[in-house]
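Below is model11.csv, holding CSV, C-alpha atoms.
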chain,number,residue,atom,x,y,z
A,1,MET,CA,0.0,0.0,0.0
A,2,ILE,CA,1.1,3.5,-0.8
A,3,SER,CA,2.5,5.3,2.3
A,4,ASN,CA,0.8,8.4,3.9
A,5,GLN,CA,4.2,10.1,3.6
A,6,LEU,CA,4.1,9.8,-0.2
A,7,LEU,CA,0.4,10.8,-0.3
A,8,GLN,CA,1.2,13.9,1.8
A,9,LYS,CA,4.1,14.8,-0.5
A,10,THR,CA,1.8,14.4,-3.5
A,11,ILE,CA,-1.0,16.7,-2.3
A,12,ASP,CA,1.5,19.3,-1.0
A,13,ARG,CA,2.9,19.5,-4.5
A,14,ILE,CA,-0.6,19.8,-6.1
A,15,LYS,CA,-1.5,22.6,-3.6
A,16,ALA,CA,1.8,24.4,-4.4
A,17,ILE,CA,0.8,24.4,-8.1
A,18,SER,CA,-2.9,24.9,-7.9
A,19,GLY,CA,-3.5,26.7,-4.6
A,20,ALA,CA,-6.3,24.3,-3.8
A,21,ASP,CA,-6.6,22.6,-0.3
A,22,ILE,CA,-6.8,18.8,-0.6
A,23,ALA,CA,-7.5,16.0,1.8
A,24,VAL,CA,-7.3,12.2,1.3
A,25,LEU,CA,-9.6,10.0,3.3
A,26,ASN,CA,-9.9,6.3,3.7
A,27,LEU,CA,-13.2,4.5,3.0
A,28,ASN,CA,-14.2,4.8,6.6
A,29,GLY,CA,-14.2,8.5,6.3
A,30,GLU,CA,-11.0,9.0,8.4
A,31,VAL,CA,-8.6,11.6,7.1
A,32,ALA,CA,-5.2,10.1,6.0
A,33,VAL,CA,-3.5,13.3,4.9
A,34,ARG,CA,-4.5,16.9,4.2
A,35,THR,CA,-3.1,20.3,3.3
A,36,TYR,CA,-5.1,22.2,5.9
A,37,LYS,CA,-5.6,22.0,9.7
A,38,ASP,CA,-9.3,22.0,10.4
A,39,GLU,CA,-11.5,19.0,9.8
A,40,SER,CA,-14.5,20.2,7.7
A,41,ILE,CA,-15.4,16.9,6.1
A,42,ASP,CA,-18.0,15.1,8.1
A,43,LYS,CA,-17.1,11.4,8.6
A,44,ASP,CA,-20.6,10.2,7.9
A,45,THR,CA,-20.8,12.3,4.8
A,46,ALA,CA,-17.6,10.7,3.5
A,47,VAL,CA,-18.9,7.2,4.2
A,48,ARG,CA,-22.2,7.9,2.4
A,49,PHE,CA,-20.3,9.1,-0.6
A,50,ALA,CA,-18.0,6.0,-0.4
A,51,THR,CA,-21.1,3.7,-0.4
A,52,SER,CA,-22.9,5.6,-3.1
A,53,VAL,CA,-22.7,5.0,-6.9
A,54,LEU,CA,-21.4,8.5,-7.5
A,55,ASP,CA,-18.0,9.1,-8.9
A,56,GLU,CA,-17.8,12.7,-8.0
A,57,GLN,CA,-20.0,14.9,-5.7
A,58,ALA,CA,-20.0,18.5,-4.5
A,59,ILE,CA,-20.9,18.6,-0.7
A,60,SER,CA,-20.1,20.7,2.4
A,61,GLY,CA,-17.9,23.2,0.5
A,62,HIS,CA,-15.9,20.4,-1.0
A,63,ARG,CA,-15.9,18.3,-4.2
A,64,LEU,CA,-15.4,14.6,-3.4
A,65,PHE,CA,-13.8,12.2,-5.9
A,66,ARG,CA,-13.6,8.4,-5.8
A,67,VAL,CA,-10.0,7.1,-6.1
A,68,ARG,CA,-9.8,3.6,-7.6
A,69,SER,CA,-7.2,1.0,-8.3
A,70,GLU,CA,-8.1,-1.9,-10.6
A,71,SER,CA,-11.8,-1.0,-10.4
A,72,ARG,CA,-11.6,-1.2,-6.6
A,73,ASP,CA,-12.2,1.9,-4.3
A,74,GLU,CA,-9.1,2.9,-2.4
A,75,PHE,CA,-9.6,6.5,-1.2
A,76,ILE,CA,-11.9,9.5,-1.1
A,77,LEU,CA,-10.3,12.7,-2.4
A,78,ALA,CA,-11.7,16.0,-1.2
A,79,VAL,CA,-10.9,19.3,-2.8
A,80,ARG,CA,-12.0,22.5,-1.1
A,81,GLU,CA,-14.2,24.9,-3.1
A,82,ASN,CA,-12.1,28.0,-2.9
A,83,GLY,CA,-12.5,29.7,-6.3
A,84,SER,CA,-10.1,27.4,-8.2
A,85,ASP,CA,-11.4,25.0,-10.8
A,86,VAL,CA,-11.9,22.1,-8.3
A,87,SER,CA,-13.1,19.7,-11.0
A,88,VAL,CA,-9.8,20.0,-12.9
A,89,VAL,CA,-7.6,20.1,-9.8
A,90,GLY,CA,-9.5,17.1,-8.3
A,91,GLY,CA,-9.4,15.2,-11.6
A,92,LEU,CA,-5.6,15.7,-11.9
A,93,ALA,CA,-5.0,14.8,-8.2
A,94,ARG,CA,-7.1,11.7,-8.6
A,95,TYR,CA,-5.2,10.6,-11.7
A,96,GLN,CA,-1.9,11.2,-9.9
A,97,ILE,CA,-2.8,9.1,-6.9
A,98,GLU,CA,-4.3,6.3,-9.0
A,99,THR,CA,-1.0,6.3,-11.1
A,100,LEU,CA,1.0,6.0,-7.8
A,101,LEU,CA,-1.3,3.2,-6.6
A,102,GLU,CA,-0.7,1.3,-9.9
A,103,ALA,CA,3.0,1.8,-9.7
A,104,TYR,CA,3.2,0.6,-6.1
A,105,LYS,CA,1.0,-2.4,-6.9
A,106,GLU,CA,3.3,-3.4,-9.7
A,107,ARG,CA,6.3,-2.9,-7.4
A,108,PHE,CA,4.5,-5.1,-4.8
A,109,ASP,CA,3.8,-7.8,-7.4
A,110,ARG,CA,7.4,-7.7,-8.6
A,111,ASP,CA,8.6,-8.0,-5.0
A,112,ASN,CA,6.5,-11.1,-4.5
A,113,PHE,CA,7.6,-12.5,-7.9
A,114,PHE,CA,11.3,-12.1,-7.1
A,115,LYS,CA,10.9,-13.5,-3.6
A,116,SER,CA,9.1,-16.6,-5.0
A,117,LEU,CA,12.0,-17.0,-7.5
A,118,LEU,CA,14.6,-16.7,-4.7
A,119,MET,CA,12.9,-19.3,-2.6
A,120,ASP,CA,12.3,-21.5,-5.7
A,121,ASN,CA,8.5,-21.6,-5.0
A,122,MET,CA,7.3,-21.2,-8.6
A,123,LEU,CA,6.6,-23.6,-11.5
A,124,MET,CA,8.4,-22.9,-14.8
A,125,ILE,CA,5.2,-22.1,-16.7
A,126,ASP,CA,4.2,-19.6,-14.0
A,127,ILE,CA,7.5,-17.9,-14.0
A,128,PHE,CA,7.4,-17.0,-17.7
A,129,ASP,CA,3.7,-16.1,-17.6
A,130,ARG,CA,4.1,-13.7,-14.6
A,131,ALA,CA,7.4,-12.3,-16.0
A,132,ARG,CA,5.6,-11.3,-19.2
A,133,LYS,CA,2.8,-9.6,-17.2
A,134,LEU,CA,5.2,-7.7,-15.1
A,135,ARG,CA,7.4,-6.7,-18.1
A,136,ILE,CA,10.4,-8.5,-16.8
A,137,ASP,CA,13.0,-9.6,-19.4
A,138,ILE,CA,13.1,-13.4,-19.4
A,139,GLU,CA,16.5,-13.8,-21.2
A,140,ALA,CA,18.6,-11.3,-19.3
A,141,TYR,CA,21.9,-12.2,-17.4
A,142,ARG,CA,21.5,-11.7,-13.7
A,143,SER,CA,23.3,-12.5,-10.4
A,144,VAL,CA,22.1,-12.3,-6.8
A,145,LEU,CA,24.0,-10.2,-4.2
A,146,ILE,CA,23.4,-10.7,-0.5
A,147,ILE,CA,24.3,-7.7,1.8
A,148,GLU,CA,24.9,-9.0,5.4
A,149,LEU,CA,23.1,-6.9,8.1
A,150,LYS,CA,24.1,-8.3,11.5
A,151,ASP,CA,22.9,-5.6,13.9
A,152,LYS,CA,22.1,-3.0,11.2
A,153,ARG,CA,18.5,-1.8,10.5
A,154,ARG,CA,17.2,-3.5,7.4
A,155,SER,CA,15.1,-0.5,6.3
A,156,ASP,CA,18.2,1.8,6.4
A,157,MET,CA,20.3,-0.7,4.5
A,158,MET,CA,17.6,-1.3,1.9
A,159,GLU,CA,17.3,2.4,1.2
A,160,ILE,CA,21.1,2.7,0.7
A,161,VAL,CA,21.2,-0.3,-1.6
A,162,LYS,CA,18.2,1.0,-3.6
A,163,ASN,CA,20.0,4.4,-4.0
A,164,VAL,CA,23.0,2.5,-5.5
A,165,PHE,CA,20.8,1.1,-8.2
A,166,GLN,CA,18.6,4.2,-8.5
A,167,GLY,CA,17.4,4.9,-12.0
A,168,ASN,CA,18.1,1.3,-13.2
A,169,GLY,CA,14.8,-0.4,-13.6
A,170,GLU,CA,16.5,-3.7,-14.5
A,171,ASP,CA,17.8,-4.2,-10.9
A,172,PHE,CA,15.7,-5.2,-8.0
A,173,VAL,CA,16.2,-4.9,-4.2
A,174,THR,CA,14.2,-7.0,-1.7
A,175,ALA,CA,14.6,-9.2,1.4
A,176,VAL,CA,13.4,-12.6,2.5
A,177,ASN,CA,14.5,-12.5,6.1
A,178,LYS,CA,15.6,-9.9,8.8
A,179,ASN,CA,19.3,-10.8,8.5
A,180,ASP,CA,20.2,-9.4,5.0
A,181,VAL,CA,19.2,-7.4,2.0
A,182,ILE,CA,19.1,-9.0,-1.4
A,183,ALA,CA,19.9,-7.3,-4.8
A,184,ILE,CA,19.2,-9.0,-8.1
A,185,LYS,CA,21.6,-7.4,-10.5
A,186,ARG,CA,21.3,-7.4,-14.3
A,187,VAL,CA,24.6,-7.6,-16.2
A,188,ASP,CA,25.8,-7.6,-19.8
A,189,ALA,CA,26.8,-11.0,-21.3
A,190,SER,CA,30.4,-9.9,-21.6
A,191,ASP,CA,32.6,-8.7,-18.7
A,192,SER,CA,29.8,-9.7,-16.4
A,193,TYR,CA,31.8,-10.7,-13.3
A,194,ASN,CA,33.7,-7.4,-13.4
A,195,GLN,CA,30.3,-5.7,-13.3
A,196,MET,CA,29.3,-7.7,-10.3
A,197,ASP,CA,32.6,-6.8,-8.5
A,198,ALA,CA,31.9,-3.1,-9.3
A,199,ALA,CA,28.4,-3.3,-8.0
A,200,ALA,CA,29.5,-5.0,-4.8
A,201,LYS,CA,32.2,-2.4,-4.3
A,202,LYS,CA,29.7,0.4,-4.8
A,203,ILE,CA,27.4,-1.1,-2.2
A,204,CYS,CA,30.2,-1.4,0.4
A,205,ALA,CA,31.4,2.1,-0.3
A,206,ALA,CA,27.9,3.6,0.0
A,207,ILE,CA,27.2,1.8,3.3
A,208,LYS,CA,30.6,2.8,4.6
A,209,ARG,CA,29.9,6.4,3.6
A,210,GLU,CA,26.4,6.5,5.1
A,211,THR,CA,27.0,4.5,8.3
A,212,GLY,CA,30.8,4.5,8.8
A,213,GLU,CA,30.6,0.7,9.1
A,214,ASP,CA,32.2,-2.1,7.1
A,215,ILE,CA,30.0,-4.8,5.7
A,216,ARG,CA,30.2,-8.1,3.9
A,217,VAL,CA,28.7,-8.7,0.4
A,218,ALA,CA,28.5,-12.0,-1.5
A,219,TYR,CA,27.2,-12.9,-4.9
A,220,GLY,CA,26.4,-16.1,-6.8
A,221,SER,CA,26.9,-17.2,-10.3
A,222,ILE,CA,25.6,-15.2,-13.2
A,223,VAL,CA,22.6,-17.0,-14.7
A,224,SER,CA,20.6,-16.4,-17.9
A,225,ASP,CA,17.4,-18.2,-16.9
A,226,LEU,CA,14.9,-16.7,-14.4
A,227,LYS,CA,14.4,-20.1,-12.8
A,228,GLU,CA,18.2,-20.2,-12.0
A,229,ILE,CA,17.9,-17.1,-9.8
A,230,SER,CA,17.3,-19.3,-6.8
A,231,LYS,CA,20.6,-21.2,-7.6
A,232,SER,CA,22.5,-17.9,-7.6
A,233,TYR,CA,20.9,-16.9,-4.3
A,234,LYS,CA,21.9,-20.2,-2.6
A,235,GLU,CA,25.4,-19.8,-3.9
A,236,ALA,CA,25.6,-16.2,-2.5
A,237,ARG,CA,24.4,-17.6,0.8
A,238,MET,CA,27.0,-20.3,0.8
A,239,SER,CA,29.7,-17.6,-0.1
A,240,LEU,CA,28.8,-15.7,3.1
A,241,ASP,CA,29.0,-18.9,5.2
A,242,VAL,CA,32.3,-20.0,3.6
A,243,SER,CA,33.9,-16.6,3.9
A,244,GLU,CA,33.0,-16.4,7.6
A,245,ILE,CA,34.9,-19.6,8.2
A,246,PHE,CA,37.9,-19.3,5.9
A,247,PHE,CA,38.2,-15.7,4.8
A,248,GLU,CA,37.5,-13.6,7.9
A,249,GLY,CA,37.4,-9.9,7.2
A,250,ARG,CA,37.0,-10.2,3.4
A,251,GLU,CA,34.6,-7.6,2.2
A,252,ILE,CA,33.5,-9.0,-1.2
A,253,ASN,CA,32.9,-12.7,-1.5
A,254,PRO,CA,32.1,-14.1,-5.0
A,255,TYR,CA,31.0,-17.7,-5.3
A,256,ASN,CA,33.3,-18.3,-8.2
A,257,ARG,CA,36.4,-17.4,-6.1
A,258,LEU,CA,35.8,-19.5,-3.0
A,259,GLY,CA,38.5,-22.0,-4.1
A,260,ILE,CA,39.2,-24.9,-1.7
A,261,GLY,CA,37.0,-23.4,0.9
A,262,ARG,CA,33.9,-24.3,-1.1
A,263,LEU,CA,35.0,-27.9,-1.4
A,264,VAL,CA,35.8,-28.2,2.4
A,265,TYR,CA,32.5,-26.6,3.3
A,266,GLN,CA,30.5,-29.3,1.5
A,267,LEU,CA,32.4,-32.2,3.2
A,268,PRO,CA,30.4,-34.4,5.6
A,269,ILE,CA,31.7,-34.1,9.2
A,270,PRO,CA,32.4,-37.9,9.6
A,271,LEU,CA,34.7,-37.7,6.5
A,272,CYS,CA,36.4,-34.6,8.0
A,273,ARG,CA,37.1,-36.4,11.3
A,274,LEU,CA,38.5,-39.4,9.4
A,275,PHE,CA,40.8,-37.1,7.3
A,276,ILE,CA,42.2,-35.3,10.3
A,277,LYS,CA,42.7,-38.7,12.1
A,278,GLU,CA,44.6,-40.1,9.1
A,279,ILE,CA,46.8,-37.1,8.8
A,280,PHE,CA,47.6,-36.2,12.4
A,281,GLY,CA,46.7,-39.3,14.4
A,282,ASP,CA,46.2,-38.2,18.0
A,283,ILE,CA,47.7,-34.8,17.4
A,284,SER,CA,45.3,-31.9,17.6
A,285,ILE,CA,45.8,-28.7,15.6
A,286,GLU,CA,44.2,-26.7,18.4
A,287,ASP,CA,47.0,-27.8,20.7
A,288,MET,CA,49.6,-26.0,18.5
A,289,ASP,CA,50.8,-22.7,20.0
A,290,LYS,CA,50.0,-19.3,18.4
A,291,GLU,CA,53.6,-18.9,17.3
A,292,THR,CA,53.6,-22.1,15.3
A,293,ILE,CA,50.2,-21.4,13.7
A,294,SER,CA,51.4,-17.8,12.8
A,295,THR,CA,54.6,-19.2,11.3
A,296,ILE,CA,52.6,-21.8,9.2
A,297,ASN,CA,50.1,-19.2,7.9
A,298,LYS,CA,52.9,-16.7,7.0
A,299,PHE,CA,54.8,-19.5,5.2
A,300,PHE,CA,51.8,-20.3,3.1
A,301,GLU,CA,51.1,-16.6,2.4
A,302,ASN,CA,54.6,-16.4,0.9
A,303,SER,CA,54.2,-19.5,-1.3
A,304,LEU,CA,56.6,-21.6,0.8
A,305,ASN,CA,59.4,-19.0,0.4
A,306,VAL,CA,61.7,-19.4,3.5
A,307,SER,CA,63.7,-16.1,3.0
A,308,GLU,CA,60.6,-13.9,2.5
A,309,THR,CA,58.8,-15.5,5.4
A,310,SER,CA,61.7,-15.1,7.9
A,311,ARG,CA,62.0,-11.5,6.8
A,312,GLN,CA,58.3,-10.7,7.4
A,313,LEU,CA,58.4,-12.5,10.7
A,314,TYR,CA,61.5,-10.6,11.7
A,315,ILE,CA,63.4,-13.8,12.6
A,316,HIS,CA,66.6,-15.4,11.3
A,317,ARG,CA,66.3,-17.8,8.4
A,318,ASN,CA,67.8,-20.6,10.6
A,319,THR,CA,65.1,-19.9,13.3
A,320,LEU,CA,62.4,-20.5,10.7
A,321,VAL,CA,64.1,-23.7,9.5
A,322,TYR,CA,64.2,-24.9,13.1
A,323,ARG,CA,60.4,-24.2,13.5
A,324,LEU,CA,59.7,-26.0,10.2
A,325,ASP,CA,61.8,-29.0,11.3
A,326,LYS,CA,59.9,-29.0,14.6
A,327,ILE,CA,56.6,-29.1,12.8
A,328,GLN,CA,57.8,-32.0,10.6
A,329,LYS,CA,58.9,-33.9,13.6
A,330,THR,CA,55.5,-33.4,15.3
A,331,THR,CA,53.2,-34.0,12.3
A,332,GLY,CA,55.3,-36.0,9.9
A,333,LEU,CA,54.7,-33.3,7.2
A,334,ASP,CA,57.5,-31.2,5.8
A,335,LEU,CA,55.9,-27.9,4.8
A,336,ARG,CA,58.8,-27.1,2.4
A,337,VAL,CA,57.5,-30.0,0.2
A,338,PHE,CA,54.6,-28.9,-1.9
A,339,GLU,CA,52.5,-32.1,-1.4
A,340,ASP,CA,52.9,-32.0,2.3
A,341,ALA,CA,52.1,-28.2,2.4
A,342,ILE,CA,48.9,-28.8,0.5
A,343,THR,CA,47.9,-31.6,2.9
A,344,PHE,CA,48.6,-29.4,5.9
A,345,LYS,CA,46.7,-26.4,4.4
A,346,ILE,CA,43.6,-28.5,3.7
A,347,ALA,CA,43.9,-30.0,7.2
A,348,LEU,CA,43.9,-26.5,8.7
A,349,MET,CA,40.8,-25.6,6.7
A,350,VAL,CA,39.0,-28.8,7.6
A,351,SER,CA,39.8,-28.3,11.3
A,352,LYS,CA,38.5,-24.7,11.1
A,353,TYR,CA,35.4,-25.9,9.4
A,354,MET,CA,34.7,-28.6,12.0
A,355,LYS,CA,35.2,-26.1,14.8
A,356,ASN,CA,32.7,-23.7,13.2
A,357,ILE,CA,30.1,-26.4,12.8
A,358,GLU,CA,30.5,-27.6,16.4
A,359,SER,CA,30.2,-24.0,17.7
A,360,ARG,CA,26.7,-23.8,16.1
A,361,LYS,CA,25.3,-26.8,18.0
As structure tokens, please, write out the structure in this file.
Amino acid sequence: MISNQLLQKTIDRIKAISGADIAVLNLNGEVAVRTYKDESIDKDTAVRFATSVLDEQAISGHRLFRVRSESRDEFILAVRENGSDVSVVGGLARYQIETLLEAYKERFDRDNFFKSLLMDNMLMIDIFDRARKLRIDIEAYRSVLIIELKDKRRSDMMEIVKNVFQGNGEDFVTAVNKNDVIAIKRVDASDSYNQMDAAAKKICAAIKRETGEDIRVAYGSIVSDLKEISKSYKEARMSLDVSEIFFEGREINPYNRLGIGRLVYQLPIPLCRLFIKEIFGDISIEDMDKETISTINKFFENSLNVSETSRQLYIHRNTLVYRLDKIQKTTGLDLRVFEDAITFKIALMVSKYMKNIESRK
């Protein structure tokens, strides 16, 4: 339903142009918005007009108009008789409000349509039929972005995201729960993932500018079929979950760049436990001290380069070699050997994944 704020803004503009005082009442005769202070429209009079067959009536110093949407009465419009051509002013005001009602109904219908698509609640034949009625391009390339909210107000975030896509009727912003905002972004067939990166960066920058806070954004694969929008949404959701475990602090999280994290995330827990047991036996990664873990992570960051790692850790090369030897003695894995390093890296990720799953129980 159209908001009272927008109705007030509309009649204020009409008054500024025409000089006529206007009120909008609901079908129970109660004033919703008006441009003057005193209540000179009798409630019973308004109700009698609403229940009559008249489309327009002059009464009590006003001219009343019936405002409809899809042949259904929505409001009563009252224009004061004050010397202006109230029939023209009222007719134009009624047309403006009815146009707004139609636009908001279409927006509401679109919102329901895209929500149903995201949740995969529509049959294929219904998708194409409703898309045509709502004038939505069936063959466009699209991807779903999820903007994580956490403790932020959804209404505020939705307004910021809508402003990012302002003027682009091909993009759509909605929500299916209280925890995030969803944007369905249309892209060109070529250079499409760069466009998604640019859109995600724009959203992050806008939210940072408006709230001063950092935020996480994820997006799924680019799809060319409306039915596949739910797939892109699920991928974006997975991207947020995977990044929370493996890429803490990463602002933009595309599904197509999750790497090994995506594989680990889909492993069953019994298989994870078996893998850790086979690699480390009774040794627990959690028992390793912070210095050892920090050394391992930095060594991996520097592509197993001993000299660069020792430089960044501000330690002598021999000290780093000693630590690597100690890790080899404890685990049986020599991190200077590529195959062992890969095994250890995956084991770290599996362990982190298991810890995250257990913390949710």
Within 12 Å of A:Leu320 using only C-alpha atoms, minus same-chain residues under 4 positions, as a PyMOL selection string: chain A and resi 291-292+294-296+298-299+304-316+324-327+335-336
Selected residue of minimal separation from A:Arg80 among A:Ala50, A:Ile127, A:Ala20, A:Ile59, counting only C-alpha atoms: A:Ala20
Output as a tab-separated table one row per residue of stretch 248-311 of chain A within 10 Å of stretch 186-199 of chain A: the closest atom pair and its distance in Å to one decimal place, counting all atoms listed in the file, sorted by chain and residue number ascending.
residue	atom	partner	partner_atom	distance
A:Ile252	CA	A:Asp197	CA	7.7
A:Asn253	CA	A:Asp197	CA	9.2
A:Pro254	CA	A:Asp197	CA	8.1
A:Asn256	CA	A:Tyr193	CA	9.3
Non-local contacts of A:Leu226 (12 Å; only C-alpha atoms; under 4 positions in same chain excluded) as an mmCIF file with C-alpha atoms, keeping the file's coordinate frame:
data_model
loop_
_atom_site.group_PDB
_atom_site.id
_atom_site.type_symbol
_atom_site.label_atom_id
_atom_site.label_comp_id
_atom_site.auth_asym_id
_atom_site.auth_seq_id
_atom_site.Cartn_x
_atom_site.Cartn_y
_atom_site.Cartn_z
ATOM 1 C CA PHE A 113 7.600 -12.500 -7.900
ATOM 2 C CA PHE A 114 11.300 -12.100 -7.100
ATOM 3 C CA LYS A 115 10.900 -13.500 -3.600
ATOM 4 C CA SER A 116 9.100 -16.600 -5.000
ATOM 5 C CA LEU A 117 12.000 -17.000 -7.500
ATOM 6 C CA LEU A 118 14.600 -16.700 -4.700
ATOM 7 C CA ASP A 120 12.300 -21.500 -5.700
ATOM 8 C CA MET A 122 7.300 -21.200 -8.600
ATOM 9 C CA LEU A 123 6.600 -23.600 -11.500
ATOM 10 C CA MET A 124 8.400 -22.900 -14.800
ATOM 11 C CA ILE A 125 5.200 -22.100 -16.700
ATOM 12 C CA ASP A 126 4.200 -19.600 -14.000
ATOM 13 C CA ILE A 127 7.500 -17.900 -14.000
ATOM 14 C CA PHE A 128 7.400 -17.000 -17.700
ATOM 15 C CA ASP A 129 3.700 -16.100 -17.600
ATOM 16 C CA ARG A 130 4.100 -13.700 -14.600
ATOM 17 C CA ALA A 131 7.400 -12.300 -16.000
ATOM 18 C CA ARG A 132 5.600 -11.300 -19.200
ATOM 19 C CA ILE A 136 10.400 -8.500 -16.800
ATOM 20 C CA ASP A 137 13.000 -9.600 -19.400
ATOM 21 C CA ILE A 138 13.100 -13.400 -19.400
ATOM 22 C CA GLU A 139 16.500 -13.800 -21.200
ATOM 23 C CA ALA A 140 18.600 -11.300 -19.300
ATOM 24 C CA TYR A 141 21.900 -12.200 -17.400
ATOM 25 C CA ARG A 142 21.500 -11.700 -13.700
ATOM 26 C CA SER A 143 23.300 -12.500 -10.400
ATOM 27 C CA VAL A 144 22.100 -12.300 -6.800
ATOM 28 C CA ILE A 184 19.200 -9.000 -8.100
ATOM 29 C CA ARG A 186 21.300 -7.400 -14.300
ATOM 30 C CA ILE A 222 25.600 -15.200 -13.200
ATOM 31 C CA SER A 230 17.300 -19.300 -6.800
ATOM 32 C CA LYS A 231 20.600 -21.200 -7.600
ATOM 33 C CA SER A 232 22.500 -17.900 -7.600
ATOM 34 C CA TYR A 233 20.900 -16.900 -4.300
#
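Candidate residues A:Glu248, A:Glu235, A:Glu148, A:Glu278 were compared for distance to A:Ile215, and the nearest is A:Glu148, using all atoms listed in the file.
In this model, the gap between atom CA of A:Gly261 and atom CA of A:Ser303 comes to 17.8 Å.
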Expected answer as JSON, numbers by chain: all residues with atoms within 10 Å of (16.0, -4.6, -9.4), all atoms listed in the file: {"A": [110, 111, 114, 142, 162, 165, 166, 167, 168, 169, 170, 171, 172, 173, 174, 182, 183, 184, 185, 186]}
